[in-house]
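Trainee: Handing over final-v5.cif, mmCIF, C-alpha atoms and all ligand atoms.
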data_start
loop_
_atom_site.label_atom_id
_atom_site.label_comp_id
_atom_site.auth_asym_id
_atom_site.auth_seq_id
_atom_site.Cartn_x
_atom_site.Cartn_y
_atom_site.Cartn_z
CA MET H 1 24.67 -4.19 -0.06
CA THR H 2 25.31 -2.43 3.23
CA ASP H 3 25.75 1.10 4.50
CA ALA H 4 26.63 2.59 7.87
CA GLY H 5 27.33 6.07 9.18
CA GLU H 6 26.95 8.64 11.89
CA SER H 7 25.50 12.12 11.91
CA THR H 8 25.30 14.94 14.46
CA ASP H 9 23.91 18.44 14.88
CA ARG H 10 22.58 20.71 17.63
CA GLY H 11 21.88 18.48 20.61
CA TRP H 12 21.52 15.20 18.77
CA ARG H 13 23.65 12.47 17.30
CA ILE H 14 22.54 9.41 15.41
CA ALA H 15 24.26 6.35 13.96
CA TRP H 16 22.88 3.92 11.43
CA GLY H 17 23.44 0.68 9.63
CA ALA H 18 21.66 -0.75 6.60
CA ALA H 19 21.59 -4.00 4.67
CA THR H 20 19.61 -5.33 1.73
CA ASP H 21 19.61 -8.69 0.01
CA VAL H 22 17.86 -10.30 -2.94
CA GLY H 23 16.93 -13.31 -0.78
CA ARG H 24 17.09 -16.97 -1.75
CA VAL H 25 14.32 -17.18 -4.33
CA ARG H 26 14.07 -13.96 -6.30
CA THR H 27 16.44 -13.12 -9.13
CA SER H 28 16.40 -9.35 -8.65
CA ASN H 29 16.17 -7.02 -5.70
CA GLU H 30 13.29 -4.57 -6.05
CA ASP H 31 13.79 -3.07 -2.57
CA SER H 32 15.61 0.24 -2.16
CA PHE H 33 16.72 2.09 0.93
CA VAL H 34 17.94 5.54 1.87
CA ALA H 35 20.31 6.09 4.79
CA GLU H 36 21.66 9.64 4.72
CA HIS H 37 22.49 12.10 7.46
CA MET H 38 18.94 13.00 8.42
CA VAL H 39 16.66 10.68 6.47
CA PHE H 40 16.27 6.89 6.62
CA GLY H 41 13.79 4.84 4.67
CA VAL H 42 12.90 1.53 3.05
CA ALA H 43 10.93 1.14 -0.21
CA ASP H 44 9.65 -2.19 -1.54
CA GLY H 45 8.87 -1.97 -5.25
CA MET H 46 6.38 -3.98 -7.27
CA GLY H 47 5.61 -4.40 -10.95
CA GLY H 48 6.73 -6.61 -13.81
CA HIS H 49 9.93 -6.33 -15.86
CA GLN H 50 11.93 -5.00 -12.92
CA ALA H 51 9.67 -1.91 -12.83
CA GLY H 52 9.40 -2.32 -9.06
CA GLU H 53 13.12 -1.67 -8.84
CA VAL H 54 12.59 1.59 -10.72
CA ALA H 55 9.67 2.63 -8.51
CA SER H 56 11.48 2.00 -5.22
CA ALA H 57 14.63 3.73 -6.52
CA ILE H 58 12.61 6.82 -7.49
CA ALA H 59 11.10 6.96 -4.00
CA ALA H 60 14.46 6.55 -2.26
CA GLY H 61 16.09 9.11 -4.57
CA ILE H 62 13.48 11.79 -3.96
CA LEU H 63 13.65 11.27 -0.20
CA ARG H 64 17.44 11.57 -0.37
CA ASP H 65 17.22 14.76 -2.44
CA ARG H 66 14.54 16.44 -0.34
CA LEU H 67 15.27 15.28 3.20
CA SER H 68 18.97 14.45 3.58
CA ALA H 69 19.30 17.77 5.43
CA GLY H 70 16.15 17.02 7.45
CA ALA H 71 12.87 18.90 7.33
CA ALA H 72 11.54 22.01 9.04
CA ASN H 73 8.26 20.29 9.82
CA VAL H 74 6.32 17.11 9.15
CA GLU H 75 4.50 18.69 6.20
CA VAL H 76 7.82 18.95 4.35
CA ALA H 77 8.42 15.23 4.89
CA GLU H 78 4.91 14.42 3.73
CA ALA H 79 5.37 16.61 0.63
CA ALA H 80 8.47 14.60 -0.33
CA VAL H 81 6.41 11.40 -0.26
CA VAL H 82 3.63 13.00 -2.31
CA GLU H 83 6.26 14.17 -4.81
CA ALA H 84 7.68 10.63 -5.03
CA ASN H 85 4.18 9.28 -5.66
CA ALA H 86 3.63 11.71 -8.54
CA ALA H 87 7.07 10.99 -10.02
CA ILE H 88 6.44 7.22 -10.06
CA PHE H 89 2.90 7.65 -11.36
CA HIS H 90 4.05 9.81 -14.27
CA ALA H 91 7.07 7.62 -15.06
CA ALA H 92 4.73 4.62 -15.22
CA HIS H 93 2.50 6.40 -17.70
CA ARG H 94 5.41 7.46 -19.91
CA ASN H 95 6.77 3.93 -20.26
CA SER H 96 4.46 1.01 -21.05
CA GLU H 97 7.02 -1.45 -19.65
CA GLN H 98 6.65 0.24 -16.28
CA ARG H 99 2.91 0.65 -16.34
CA GLY H 100 1.35 -0.09 -12.97
CA MET H 101 4.63 -0.05 -11.05
CA GLY H 102 4.48 1.06 -7.45
CA THR H 103 6.30 0.92 -4.15
CA THR H 104 5.79 0.99 -0.43
CA LEU H 105 7.72 3.54 1.59
CA THR H 106 8.41 3.88 5.28
CA ALA H 107 10.86 6.53 6.47
CA ILE H 108 11.96 8.70 9.36
CA THR H 109 13.58 12.12 9.04
CA VAL H 110 14.96 14.58 11.56
CA LEU H 111 12.84 17.69 12.15
CA ASP H 112 15.02 20.61 13.14
CA ASP H 113 13.17 23.91 13.07
CA GLU H 114 15.66 25.65 15.41
CA GLN H 115 12.78 26.74 17.65
CA GLN H 116 12.72 23.61 19.76
CA SER H 117 14.70 20.45 20.27
CA ALA H 118 15.00 18.10 17.30
CA ARG H 119 12.26 15.55 16.71
CA LEU H 120 11.65 12.76 14.23
CA ALA H 121 8.89 12.55 11.65
CA MET H 122 7.76 9.15 10.43
CA VAL H 123 5.99 8.79 7.07
CA ASN H 124 4.44 5.57 5.84
CA VAL H 125 2.57 4.19 2.82
CA GLY H 126 2.12 0.43 2.31
CA ASP H 127 3.31 -2.53 4.38
CA SER H 128 6.99 -1.85 4.98
CA ARG H 129 7.41 -1.21 8.68
CA THR H 130 9.03 1.11 11.19
CA TYR H 131 9.63 -0.26 14.67
CA MET H 132 11.00 1.52 17.73
CA VAL H 133 13.05 -0.21 20.41
CA ARG H 134 13.10 1.55 23.78
CA ASP H 135 14.33 0.03 27.03
CA GLY H 136 14.71 -3.30 25.24
CA ARG H 137 11.05 -3.42 24.21
CA MET H 138 10.15 -3.18 20.54
CA ARG H 139 6.94 -1.54 19.31
CA ARG H 140 5.60 -1.13 15.82
CA ILE H 141 4.98 2.55 15.13
CA SER H 142 3.72 2.27 11.56
CA VAL H 143 0.44 0.64 10.55
CA ASP H 144 0.44 -1.64 7.51
CA HIS H 145 -1.86 -0.60 4.69
CA SER H 146 -2.73 -4.17 3.89
CA TYR H 147 -5.69 -6.49 3.56
CA VAL H 148 -4.62 -8.63 6.52
CA GLN H 149 -4.06 -5.54 8.70
CA GLU H 150 -7.66 -4.61 8.03
CA LEU H 151 -8.76 -8.09 9.08
CA VAL H 152 -6.67 -7.74 12.25
CA SER H 153 -8.00 -4.23 12.95
CA THR H 154 -11.59 -5.44 12.64
CA GLY H 155 -10.92 -8.42 14.91
CA HIS H 156 -11.42 -11.11 12.27
CA ILE H 157 -7.95 -12.62 12.53
CA THR H 158 -5.04 -12.39 14.96
CA GLU H 159 -1.59 -10.99 14.24
CA ALA H 160 -0.28 -14.56 14.21
CA GLU H 161 -2.89 -15.60 11.64
CA ALA H 162 -2.07 -12.54 9.53
CA ARG H 163 1.53 -13.72 9.19
CA LEU H 164 0.36 -16.96 7.59
CA HIS H 165 -2.61 -15.60 5.66
CA PRO H 166 -2.52 -16.46 1.93
CA ARG H 167 -3.38 -12.87 1.06
CA ARG H 168 -0.81 -11.22 3.32
CA ASN H 169 0.90 -9.63 0.30
CA ILE H 170 -2.17 -7.66 -0.78
CA ILE H 171 -1.65 -4.03 0.13
CA THR H 172 -4.20 -1.25 0.08
CA ARG H 173 -1.95 1.76 -0.44
CA ALA H 174 1.24 2.27 -2.43
CA LEU H 175 3.15 5.05 -4.15
CA GLY H 176 2.71 5.41 -7.91
CA ILE H 177 -0.69 3.76 -8.33
CA GLU H 178 -2.88 6.89 -8.14
CA PRO H 179 -2.08 10.53 -9.01
CA THR H 180 -2.35 11.38 -5.31
CA VAL H 181 -1.64 9.41 -2.16
CA ARG H 182 -2.60 9.53 1.51
CA VAL H 183 0.45 9.45 3.75
CA ASP H 184 0.48 8.38 7.41
CA THR H 185 2.63 10.77 9.42
CA ARG H 186 3.76 10.76 13.02
CA VAL H 187 6.04 13.06 15.00
CA LEU H 188 8.22 11.52 17.70
CA PRO H 189 10.70 12.96 20.19
CA LEU H 190 14.35 12.27 19.44
CA VAL H 191 15.17 10.35 22.62
CA ARG H 192 18.64 9.18 23.53
CA GLY H 193 18.89 5.40 23.53
CA ASP H 194 16.00 4.80 21.13
CA ARG H 195 16.58 2.49 18.20
CA TYR H 196 14.49 2.46 15.03
CA VAL H 197 14.23 -0.56 12.76
CA LEU H 198 12.84 0.05 9.26
CA CYS H 199 12.27 -2.98 7.07
CA SER H 200 10.52 -4.45 4.05
CA ASP H 201 8.05 -7.32 4.36
CA GLY H 202 10.83 -9.71 3.35
CA LEU H 203 11.91 -9.49 7.01
CA VAL H 204 8.56 -9.63 8.80
CA ASP H 205 7.17 -12.45 6.65
CA GLU H 206 10.10 -14.65 7.66
CA VAL H 207 11.00 -13.45 11.15
CA ASP H 208 8.40 -12.72 13.83
CA ASP H 209 8.43 -9.59 15.97
CA ALA H 210 9.81 -11.39 19.03
CA GLU H 211 12.83 -12.57 17.07
CA ILE H 212 13.37 -9.13 15.48
CA GLU H 213 13.28 -7.65 19.00
CA ARG H 214 15.75 -10.26 20.22
CA LEU H 215 18.17 -9.48 17.38
CA ALA H 216 17.77 -5.74 17.94
CA ASN H 217 18.75 -6.18 21.58
CA GLU H 218 21.55 -8.62 20.85
CA HIS H 219 23.55 -6.41 18.49
CA ALA H 220 24.64 -3.03 19.86
CA ASP H 221 26.13 -1.93 16.54
CA PRO H 222 23.35 -0.83 14.12
CA GLN H 223 25.13 -2.28 11.09
CA ALA H 224 25.58 -5.64 12.83
CA ALA H 225 21.89 -5.59 13.83
CA ALA H 226 20.75 -4.87 10.26
CA GLU H 227 22.92 -7.63 8.84
CA ALA H 228 21.79 -10.12 11.50
CA MET H 229 18.14 -9.46 10.63
CA VAL H 230 18.74 -9.89 6.90
CA ALA H 231 20.62 -13.13 7.62
CA ALA H 232 17.75 -14.37 9.81
CA ALA H 233 15.25 -13.75 7.00
CA ASN H 234 17.40 -15.74 4.59
CA GLU H 235 17.80 -18.56 7.12
CA GLN H 236 14.02 -18.78 7.37
CA GLY H 237 13.68 -19.17 3.61
CA GLY H 238 14.48 -15.77 2.13
CA ARG H 239 11.43 -15.94 -0.16
CA ASP H 240 11.44 -12.19 -0.79
CA ASN H 241 13.94 -9.38 -1.06
CA VAL H 242 14.82 -8.21 2.44
CA THR H 243 15.97 -4.76 3.53
CA VAL H 244 16.67 -3.42 7.02
CA VAL H 245 17.79 0.03 8.16
CA VAL H 246 18.66 0.44 11.86
CA VAL H 247 18.94 3.96 13.31
CA ASP H 248 20.27 4.64 16.82
CA VAL H 249 19.75 7.91 18.68
CA LEU H 250 23.07 8.34 20.48
CA GLU H 251 22.36 11.81 21.83
CA GLY H 252 19.00 13.49 22.16
CA ASP H 253 16.27 14.22 24.67
CA ASP H 254 16.33 12.79 28.18
CA PRO H 255 15.01 9.22 27.93
CA THR H 256 12.84 9.57 31.02
CA ALA H 257 10.79 12.40 29.53
CA HIS H 258 8.97 10.50 26.79
CA THR H 259 7.92 6.99 27.58
CA SER H 260 4.24 7.10 26.59
CA GLU H 261 2.38 7.49 23.28
CA LEU H 262 4.20 4.67 21.61
CA GLU H 263 1.39 2.38 20.63
CA VAL H 264 0.23 2.38 17.03
CA ASP H 265 -3.15 3.77 16.17
CA PRO H 266 -5.04 1.13 14.16
CA ALA H 267 -7.32 3.88 12.85
CA TRP H 268 -4.55 4.49 10.33
CA ALA H 269 -5.45 1.29 8.54
CA ASP H 270 -7.65 1.76 5.51
CA PRO H 271 -11.24 0.99 6.53
CA ALA H 272 -12.55 0.75 2.95
CA PRO H 273 -9.68 0.86 0.49
CA ASP H 274 -10.44 1.81 -3.08
CA ARG H 275 -7.91 -0.62 -4.49
CA LEU H 276 -6.11 -3.79 -3.61
CA ILE H 277 -2.55 -4.03 -4.84
CA ASP H 278 -0.70 -7.28 -5.14
CA ALA H 279 2.63 -6.45 -3.55
CA GLU H 280 4.24 -9.58 -4.97
CA PRO H 281 6.24 -8.53 -8.01
CA ILE H 282 5.24 -10.53 -11.05
CA HIS H 283 8.16 -11.91 -12.99
CA ALA H 284 8.09 -13.06 -16.58
CA ALA H 285 8.52 -16.70 -15.58
CA GLU H 286 5.60 -16.63 -13.17
CA PRO H 287 1.99 -17.23 -14.23
CA SER H 288 0.07 -14.00 -14.56
CA HIS H 289 -3.10 -13.24 -12.68
CA ALA H 290 -6.46 -14.61 -13.71
CA ALA H 291 -7.54 -11.14 -14.73
CA GLY H 292 -4.56 -10.96 -17.07
CA ASP H 293 -3.13 -7.86 -15.43
CA ALA H 294 0.62 -8.20 -15.95
CA THR H 295 1.42 -5.13 -13.87
CA GLY H 296 0.43 -6.76 -10.60
CA VAL H 297 -1.96 -3.97 -9.77
CA ILE H 298 -5.52 -4.95 -9.14
CA ALA H 299 -7.65 -1.96 -9.95
CA ALA H 300 -11.09 -3.29 -9.11
CA PRO H 301 -12.95 -1.37 -6.42
CA LEU H 302 -14.14 -3.42 -3.50
CA ALA H 303 -17.81 -4.22 -3.77
CA ALA H 304 -18.08 -5.15 -0.11
CA PRO H 305 -16.38 -3.99 3.09
CA LEU H 306 -13.17 -5.79 3.95
CA SER H 307 -14.80 -7.22 7.04
CA MET H 308 -16.12 -9.95 4.77
CA ALA H 309 -13.58 -12.72 4.44
CA GLY H 310 -14.20 -13.01 0.71
CA GLY H 311 -13.66 -9.32 0.11
CA ALA H 312 -10.26 -9.55 -1.48
CA ALA H 313 -11.19 -12.46 -3.69
CA GLY H 314 -14.23 -10.51 -4.84
CA GLY H 315 -12.06 -7.52 -5.60
CA GLN H 316 -9.52 -9.53 -7.53
CA VAL H 317 -12.00 -10.94 -9.94
CA GLY H 318 -13.37 -7.46 -10.55
CA SER H 319 -12.40 -7.31 -14.22
CA PRO H 320 -14.52 -10.31 -15.24
CA ARG H 321 -17.31 -8.82 -13.14
CA ARG H 322 -17.09 -5.55 -15.05
CA ARG H 323 -17.20 -7.48 -18.30
CA GLY H 324 -20.27 -9.37 -17.02
CA LEU H 325 -22.06 -6.11 -16.26
CA GLY H 326 -21.32 -4.81 -19.76
CA VAL H 327 -22.77 -7.95 -21.33
CA LEU H 328 -25.86 -7.63 -19.15
CA LEU H 329 -26.45 -3.97 -20.07
CA PHE H 330 -26.02 -4.82 -23.74
CA SER H 331 -28.57 -7.64 -23.43
CA VAL H 332 -31.09 -5.34 -21.73
CA ALA H 333 -30.66 -2.72 -24.46
CA LEU H 334 -31.08 -5.39 -27.14
CA ALA H 335 -34.21 -6.74 -25.45
CA ALA H 336 -35.66 -3.22 -25.24
CA ILE H 337 -35.04 -2.65 -28.95
CA ILE H 338 -36.69 -5.98 -29.84
CA VAL H 339 -39.74 -5.25 -27.64
CA PHE H 340 -40.04 -1.77 -29.13
CA THR H 341 -39.73 -3.06 -32.69
CA VAL H 342 -42.27 -5.86 -32.19
CA THR H 343 -44.72 -3.43 -30.57
CA LEU H 344 -44.24 -0.95 -33.39
CA VAL H 345 -44.93 -3.67 -35.96
CA LEU H 346 -48.06 -4.73 -34.07
CA VAL H 347 -49.30 -1.13 -33.85
CA VAL H 348 -48.67 -0.47 -37.53
CA ARG H 349 -50.41 -3.74 -38.47
CA HIS H 350 -53.29 -2.89 -36.14
CA ASN H 351 -53.63 0.56 -37.69
CA ALA H 352 -53.54 -0.94 -41.17
CA ASP H 353 -56.30 -3.43 -40.23
CA ASN H 354 -58.49 -0.72 -38.73
CA ALA H 355 -58.05 2.14 -41.19
CA PRO H 356 -58.84 4.93 -40.84
CA ALA H 357 -56.33 5.47 -38.01
CA GLN H 358 -57.34 5.29 -34.33
CA PRO H 359 -54.83 7.54 -32.55
CA THR H 360 -56.13 6.78 -29.06
CA THR H 361 -55.19 3.09 -29.32
CA THR H 362 -51.77 3.84 -30.79
CA THR H 363 -50.85 6.21 -28.03
CA SER H 364 -51.93 3.70 -25.48
CA ALA H 365 -49.89 0.90 -27.07
CA VAL H 366 -46.73 3.02 -27.32
CA SER H 367 -47.22 4.17 -23.80
CA THR H 368 -47.43 0.56 -22.64
CA THR H 369 -44.25 -0.31 -24.54
CA THR H 370 -42.31 2.51 -22.95
CA SER H 371 -43.46 1.42 -19.58
CA ALA H 372 -42.41 -2.16 -20.26
CA VAL H 373 -38.91 -1.08 -21.33
CA SER H 374 -38.62 1.12 -18.31
CA THR H 375 -39.61 -1.74 -16.04
CA THR H 376 -37.08 -4.07 -17.63
CA THR H 377 -34.25 -1.56 -17.25
CA SER H 378 -34.98 -0.69 -13.66
CA SER H 379 -35.36 -4.28 -12.57
CA THR H 380 -31.93 -5.27 -13.98
CA PRO H 381 -29.61 -3.88 -11.27
CA ALA H 382 -31.74 -5.41 -8.53
CA SER H 383 -31.55 -8.84 -10.08
CA THR H 384 -27.76 -8.67 -10.48
CA ALA H 385 -26.86 -7.03 -7.22
CA PRO H 386 -24.27 -9.07 -5.33
MG MG H 401 8.67 -7.39 -0.34
#
When written as structure tokens, how does the structure in this file appear?
Mentor:
Amino acid sequence: MTDAGESTDRGWRIAWGAATDVGRVRTSNEDSFVAEHMVFGVADGMGGHQAGEVASAIAAGILRDRLSAGAANVEVAEAAVVEANAAIFHAAHRNSEQRGMGTTLTAITVLDDEQQSARLAMVNVGDSRTYMVRDGRMRRISVDHSYVQELVSTGHITEAEARLHPRRNIITRALGIEPTVRVDTRVLPLVRGDRYVLCSDGLVDEVDDAEIERLANEHADPQAAAEAMVAAANEQGGRDNVTVVVVDVLEGDDPTAHTSELEVDPAWADPAPDRLIDAEPIHAAEPSHAAGDATGVIAAPLAAPLSMAGGAAGGQVGSPRRRGLGVLLFSVALAAIIVFTVTLVLVVRHNADNAPAQPTTTTSAVSTTTSAVSTTTSSTPASTAP
């Protein structure tokens, strides 16, 4: 599926091309894209039973509805993403087949408030990417919300190692998983000659940045560039759906005026994400996760910071861990009841043997029991702490 077009307004003109493909392994395409006059985005859905397709389509549809005429300011763009998150979240809760579905979203939209020259707003959630090509040099201007990005940001692995990491598909933010979502936003000048490349991870997992840059520089036509990148991903294996939207600024601000502030800010990565989300869609034919979560969403909170290499593995086995804690608490409660009962029996027997009653001894014995139970309970968390 492809799409190309051109759009113009006061002082700016942009052209675009877009292509998406199921790839060489998957049976369905759960990516969606939007390429309308003033908004361009890529969404990579996840969830079983084709629910990812639904999630990414909801995101693309809401962006199209809200931003095809651009936005007055970046808050309007951000609000459209928040609205998409809520729409997916509620759709997932209305339909059990779609429970746990989610999507990434990266998009740019034209800001035209009529007070100043047009600019672009970028919004991003998840690990789909927005790149900018200026003067032949490509830079990433979105930060992945992913486990491996966190490892890169904290210096534990290199970008090259991240591309081969077995957990590179674990993302830390997505639309539709929580009732609310944090959205990365960035405002950029609309500079003549700039090219933006938006893509799903089906491109970046197969084709490295140097090759994407080479293809972006090789094809002047945005549609040809998008199709060349999709073809390159398929040539490298095409193990995932792949989607590319290329946007060219044909007229805009003077290119010499804005050459700085193009590096990404790694502070945007999630330092301690609440959830890890398996971005690989789970199909019926594939084995489900150990935790038995068919939605592909791993809801366990991280017990340790992501700087520990085993952090993700620890998070993924969170459900069994929660079950283990429940069993432990039940055992402690049972032990307390047994201790209390035995003590009570001993006290009653003692009182019977020493009639008439000796209240001082009884009180002391009960008091000791309470203290013993209290000690048992308080010592439990310490002995099971990871
Ligand atoms: Mg993907």
Trainee: Using all atoms listed in the file, which residues of the polymer chains come no farther than 8 Å from ligand MG 401 (chain H)? I'd like the answer as a PDB file with C-alpha atoms, in the frame of the given file.
Mentor:
ATOM      1  CA  GLU H  30      13.290  -4.570  -6.050  1.00  0.00           C
ATOM      2  CA  ASP H  31      13.790  -3.070  -2.570  1.00  0.00           C
ATOM      3  CA  ASP H  44       9.650  -2.190  -1.540  1.00  0.00           C
ATOM      4  CA  GLY H  45       8.870  -1.970  -5.250  1.00  0.00           C
ATOM      5  CA  SER H 128       6.990  -1.850   4.980  1.00  0.00           C
ATOM      6  CA  SER H 200      10.520  -4.450   4.050  1.00  0.00           C
ATOM      7  CA  ASP H 201       8.050  -7.320   4.360  1.00  0.00           C
ATOM      8  CA  GLY H 202      10.830  -9.710   3.350  1.00  0.00           C
ATOM      9  CA  ASP H 240      11.440 -12.190  -0.790  1.00  0.00           C
ATOM     10  CA  ASN H 241      13.940  -9.380  -1.060  1.00  0.00           C
ATOM     11  CA  VAL H 242      14.820  -8.210   2.440  1.00  0.00           C
ATOM     12  CA  ALA H 279       2.630  -6.450  -3.550  1.00  0.00           C
ATOM     13  CA  GLU H 280       4.240  -9.580  -4.970  1.00  0.00           C
TER      14      GLU H 280
END
Trainee: Quick one, how far is atom CA of Ala72 of chain H from atom CA of Val143 of chain H?
Mentor: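 Atom-to-atom, atom CA of Ala72 of chain H to atom CA of Val143 of chain H, that is 24.1 Å.
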Trainee: From the options H:Ala4, H:Met229, H:Leu105, H:Val125, which residue's atoms come nearest to Ala43 of chain H, counting all atoms listed in the file?
Mentor: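 Residue with the minimum atom-to-atom distance to Ala43 of chain H: H:Leu105.
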Trainee: Can you pull out every residue within 8 Å of Arg173 of chain H, counting only C-alpha atoms, but drop anything in the same chain fewer than 4 positions away, and send it as an MDAnalysis selection string?
Mentor: chainID H and resid 104 125:126 145:146 181 273 275:277
Trainee: Please dump the current selection as a short mmCIF file (atom, residue, chain, number, x, y, z; two decimals), in the frame of the given file; keep C-alpha atoms.
Mentor:
data_model
loop_
_atom_site.label_atom_id
_atom_site.label_comp_id
_atom_site.auth_asym_id
_atom_site.auth_seq_id
_atom_site.Cartn_x
_atom_site.Cartn_y
_atom_site.Cartn_z
CA THR H 104 5.79 0.99 -0.43
CA VAL H 125 2.57 4.19 2.82
CA GLY H 126 2.12 0.43 2.31
CA HIS H 145 -1.86 -0.60 4.69
CA SER H 146 -2.73 -4.17 3.89
CA VAL H 181 -1.64 9.41 -2.16
CA PRO H 273 -9.68 0.86 0.49
CA ARG H 275 -7.91 -0.62 -4.49
CA LEU H 276 -6.11 -3.79 -3.61
CA ILE H 277 -2.55 -4.03 -4.84
#
Trainee: Tell me, in Å to one decimal, how far atom CA of Asp253 of chain H is from atom CA of Pro189 of chain H.
Mentor: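 Separation of atom CA of Asp253 of chain H and atom CA of Pro189 of chain H: 7.3 Å.
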Trainee: Excluding Gly136 of chain H and residues on its chain fewer than 5 positions from it, collect all residues at most 10 Å away from it, counting only C-alpha atoms, and give them as a PyMOL selection string.
Mentor: chain H and resi 193-195+213-214+216-218
Trainee: Of the residues H:Ile157, H:Leu203, H:Ala107, H:Ala210, which is the one nearest to Arg137 of chain H, using all atoms listed in the file?
Mentor: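 Of H:Ile157, H:Leu203, H:Ala107, H:Ala210, the one nearest Arg137 of chain H is H:Ala210, counting all atoms listed in the file.
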Trainee: Grab the atom CA of Asn95 of chain H to atom CA of Leu63 of chain H distance for me, in Å with one decimal place.
Mentor: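 A separation of 22.4 Å between them.
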Trainee: Residues at most 12 Å from Met101 of chain H, counting only C-alpha atoms, excluding those fewer than 2 positions away in the same chain, as a VMD selection string?
Mentor: chain H and resid 30 44 to 59 85 87 to 99 103 to 104 174 to 178 277 to 282 293 to 298
Trainee: Out of H:Asp127, H:Glu6, H:Glu159, H:Asp208, which residue has the shortest atom-to-atom distance to Thr172 of chain H when counting all atoms listed in the file?
Mentor: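 Using all atoms listed in the file, the shortest distance to Thr172 of chain H belongs to H:Asp127.
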